[in-house]
Amino acid sequence: MGDDTTTTAADSSEEMELLSAWYCPYAQRAWIAMEIKCPGKFKVTEALKITSPDGVYSKDSLSRIPLLKESNPLGQVPVIIDRRSDKKPMCVCDSLICVEYIDEVYDNDDNNGINSKKLLPGDPAKRADARMWSNRLNDDIATTFYVLLLKQDKEEQEKAADKMLSAILDFCQRCKGPFFYGDEMSIVDITIAPWIVGSRMEVVLKHFRNFEVPATAEYAKYFEWRDSVLRHPAFVATVATDFEAMQRAYRRYADGTALIVKSKET
């Protein structure tokens, strides 16, 4: 993960490029979608690097490659650059929009038989249901993850933890298994997996905030789902495996200073 570019195919991969950052769960969302829908047809470029000597994330310790600045005025990842047409490359920003874009452009008839699984499955009503769950879980789990880390007041931390657990419980009650809608991973699973499966759960939330999902019957579906996610090839291909580096990256979130700019951003 330390290389600037990870190429997942030969020359054809140049047509589709994901601008990413190894520590960013939002970028992992887009990467998971691409591994499901167009495996071997894209490349991943590390575009937003932590430059502090100790590997700790903060707003003033980031370096952006020129292509990221050109592709997204906000300088954020993920960005999908689609160069498959003769026209100007299409740059897609925002993680959940990236997921939907990949789901649409690699649909059944133009995916060359690679993978016709739908990340927003079913008829319009079911797709609307998926978007509503995705939006709700994005707010109550992904966003609240940062609230839990950044808040230094114990009472505020407890409120954030309770909000996350409540959302996870609601997810459990609707999850069909092994994934939210059944046998295949969907946008709902992709929305939350980077935050509550793998290193961010194991060495960030547990370490800094002592946060865990209770090992009780009402949360049993979470653990079944988590294990299914951990085995899924798209998650395996995209998950950060350097737990020590991940913990270092989030240290300033945990002490509440990650968003403070101490010097001019590069």
# chains A, B, ... in the order shown; residues from 1 in each chain; ligands from 1
>>> residues_around(residues="segment 186-198 of chain A", least_positions_apart="4", cutoff="6 Å", atoms="only C-alpha atoms", output="ChimeraX atom specification")
/A:25,29,119,134
>>> residues_around(residues="Arg209 of chain A", least_positions_apart="4", cutoff="12 Å", atoms="only C-alpha atoms", output="list in words")
Phe145, Tyr146, Val147, Leu148, Leu149, Leu150, Lys151, Gln152, Asp153, Lys154, Glu156, Gln157, Glu158, Ala160, Ala161, Arg200, Met201, Glu202, Val203, Val204, Leu205, Tyr250, Arg251, Tyr253, Ala254 and Asp255 of chain A
>>> select_by_dssp(residues="segment 42-229 of chain A", states="alpha helix (DSSP H)", output="VMD selection string")
chain A and resid 66 to 71 95 to 105 124 to 137 144 to 150 154 to 174 187 to 196 199 206 to 209 220 to 229
>>> select_by_dssp(residues="segment 12-252 of chain A", states="strand (DSSP E or B)", output="list in words")
Met16, Glu17, Leu18, Leu19, Ser20, Lys43, Val44, Thr45, Glu46, Leu48, Lys49, Ile50, Leu62, Ser63, Arg64, Val79, Ile80, Ile81, Asp82, Met90, Cys91, Val92, Cys93, Phe179 and Gly182 of chain A
>>> atom_distance(atom1="atom CA of Thr45 of chain A", atom2="atom CA of Tyr101 of chain A")
18.6 Å
>>> residues_around(residues="Thr51 of chain A", least_positions_apart="2", cutoff="9 Å", atoms="only C-alpha atoms", output="PDB file with all heavy atoms, in the first residue's frame")
ATOM      1  N   LYS A  49      -1.594  11.907   0.426  1.00  0.00           N
ATOM      2  CA  LYS A  49      -0.629  11.241   1.295  1.00  0.00           C
ATOM      3  C   LYS A  49      -0.431  11.998   2.603  1.00  0.00           C
ATOM      4  O   LYS A  49      -0.431  13.230   2.634  1.00  0.00           O
ATOM      5  CB  LYS A  49       0.713  11.110   0.576  1.00  0.00           C
ATOM      6  CG  LYS A  49       0.618  10.358  -0.743  1.00  0.00           C
ATOM      7  CD  LYS A  49       1.935  10.388  -1.493  1.00  0.00           C
ATOM      8  CE  LYS A  49       1.800   9.766  -2.867  1.00  0.00           C
ATOM      9  NZ  LYS A  49       3.059   9.834  -3.631  1.00  0.00           N
ATOM     10  N   PRO A  53       6.154  12.953   9.743  1.00  0.00           N
ATOM     11  CA  PRO A  53       7.139  11.883   9.966  1.00  0.00           C
ATOM     12  C   PRO A  53       6.594  10.713  10.767  1.00  0.00           C
ATOM     13  O   PRO A  53       7.009   9.571  10.568  1.00  0.00           O
ATOM     14  CB  PRO A  53       8.259  12.602  10.730  1.00  0.00           C
ATOM     15  CG  PRO A  53       8.116  14.039  10.364  1.00  0.00           C
ATOM     16  CD  PRO A  53       6.649  14.263  10.197  1.00  0.00           C
ATOM     17  N   ASP A  54       5.633  10.975  11.668  1.00  0.00           N
ATOM     18  CA  ASP A  54       5.097   9.898  12.503  1.00  0.00           C
ATOM     19  C   ASP A  54       3.866   9.225  11.900  1.00  0.00           C
ATOM     20  O   ASP A  54       3.278   8.334  12.497  1.00  0.00           O
ATOM     21  CB  ASP A  54       4.760  10.417  13.898  1.00  0.00           C
ATOM     22  CG  ASP A  54       3.772  11.576  13.881  1.00  0.00           C
ATOM     23  OD1 ASP A  54       3.326  11.960  12.785  1.00  0.00           O
ATOM     24  OD2 ASP A  54       3.456  12.105  14.968  1.00  0.00           O
ATOM     25  N   GLY A  55       3.459   9.663  10.685  1.00  0.00           N
ATOM     26  CA  GLY A  55       2.336   9.034  10.014  1.00  0.00           C
ATOM     27  C   GLY A  55       0.984   9.376  10.590  1.00  0.00           C
ATOM     28  O   GLY A  55       0.005   8.664  10.352  1.00  0.00           O
ATOM     29  N   VAL A  56       0.898  10.481  11.335  1.00  0.00           N
ATOM     30  CA  VAL A  56      -0.356  10.885  11.961  1.00  0.00           C
ATOM     31  C   VAL A  56      -1.106  11.842  11.037  1.00  0.00           C
ATOM     32  O   VAL A  56      -0.554  12.820  10.555  1.00  0.00           O
ATOM     33  CB  VAL A  56      -0.100  11.549  13.333  1.00  0.00           C
ATOM     34  CG1 VAL A  56      -1.410  12.024  13.940  1.00  0.00           C
ATOM     35  CG2 VAL A  56       0.593  10.572  14.265  1.00  0.00           C
ATOM     36  N   TYR A  57      -2.390  11.569  10.818  1.00  0.00           N
ATOM     37  CA  TYR A  57      -3.218  12.413   9.952  1.00  0.00           C
ATOM     38  C   TYR A  57      -3.553  13.721  10.633  1.00  0.00           C
ATOM     39  O   TYR A  57      -3.889  13.778  11.816  1.00  0.00           O
ATOM     40  CB  TYR A  57      -4.530  11.695   9.616  1.00  0.00           C
ATOM     41  CG  TYR A  57      -5.507  12.561   8.845  1.00  0.00           C
ATOM     42  CD1 TYR A  57      -5.580  12.492   7.467  1.00  0.00           C
ATOM     43  CD2 TYR A  57      -6.355  13.454   9.503  1.00  0.00           C
ATOM     44  CE1 TYR A  57      -6.474  13.286   6.756  1.00  0.00           C
ATOM     45  CE2 TYR A  57      -7.252  14.249   8.800  1.00  0.00           C
ATOM     46  CZ  TYR A  57      -7.300  14.161   7.430  1.00  0.00           C
ATOM     47  OH  TYR A  57      -8.178  14.961   6.732  1.00  0.00           O
ATOM     48  N   ASP A  60      -3.051  19.630   8.125  1.00  0.00           N
ATOM     49  CA  ASP A  60      -1.836  20.293   7.662  1.00  0.00           C
ATOM     50  C   ASP A  60      -0.703  19.305   7.407  1.00  0.00           C
ATOM     51  O   ASP A  60       0.457  19.696   7.296  1.00  0.00           O
ATOM     52  CB  ASP A  60      -1.393  21.391   8.649  1.00  0.00           C
ATOM     53  CG  ASP A  60      -1.145  20.859  10.046  1.00  0.00           C
ATOM     54  OD1 ASP A  60      -1.389  19.660  10.277  1.00  0.00           O
ATOM     55  OD2 ASP A  60      -0.719  21.643  10.900  1.00  0.00           O
ATOM     56  N   SER A  61      -1.008  18.011   7.287  1.00  0.00           N
ATOM     57  CA  SER A  61       0.032  17.018   7.000  1.00  0.00           C
ATOM     58  C   SER A  61      -0.307  16.215   5.755  1.00  0.00           C
ATOM     59  O   SER A  61       0.070  15.053   5.630  1.00  0.00           O
ATOM     60  CB  SER A  61       0.207  16.074   8.193  1.00  0.00           C
ATOM     61  OG  SER A  61      -0.926  15.223   8.323  1.00  0.00           O
ATOM     62  N   LEU A  62      -1.013  16.853   4.807  1.00  0.00           N
ATOM     63  CA  LEU A  62      -1.460  16.150   3.614  1.00  0.00           C
ATOM     64  C   LEU A  62      -0.803  16.707   2.360  1.00  0.00           C
ATOM     65  O   LEU A  62      -0.636  17.918   2.223  1.00  0.00           O
ATOM     66  CB  LEU A  62      -2.981  16.252   3.466  1.00  0.00           C
ATOM     67  CG  LEU A  62      -3.809  15.659   4.601  1.00  0.00           C
ATOM     68  CD1 LEU A  62      -5.282  15.931   4.353  1.00  0.00           C
ATOM     69  CD2 LEU A  62      -3.559  14.171   4.749  1.00  0.00           C
ATOM     70  N   SER A  63      -0.449  15.816   1.463  1.00  0.00           N
ATOM     71  CA  SER A  63       0.112  16.200   0.174  1.00  0.00           C
ATOM     72  C   SER A  63      -0.726  15.591  -0.933  1.00  0.00           C
ATOM     73  O   SER A  63      -0.965  14.377  -0.945  1.00  0.00           O
ATOM     74  CB  SER A  63       1.563  15.717   0.056  1.00  0.00           C
ATOM     75  OG  SER A  63       2.080  16.002  -1.235  1.00  0.00           O
TER      76      SER A  63
END
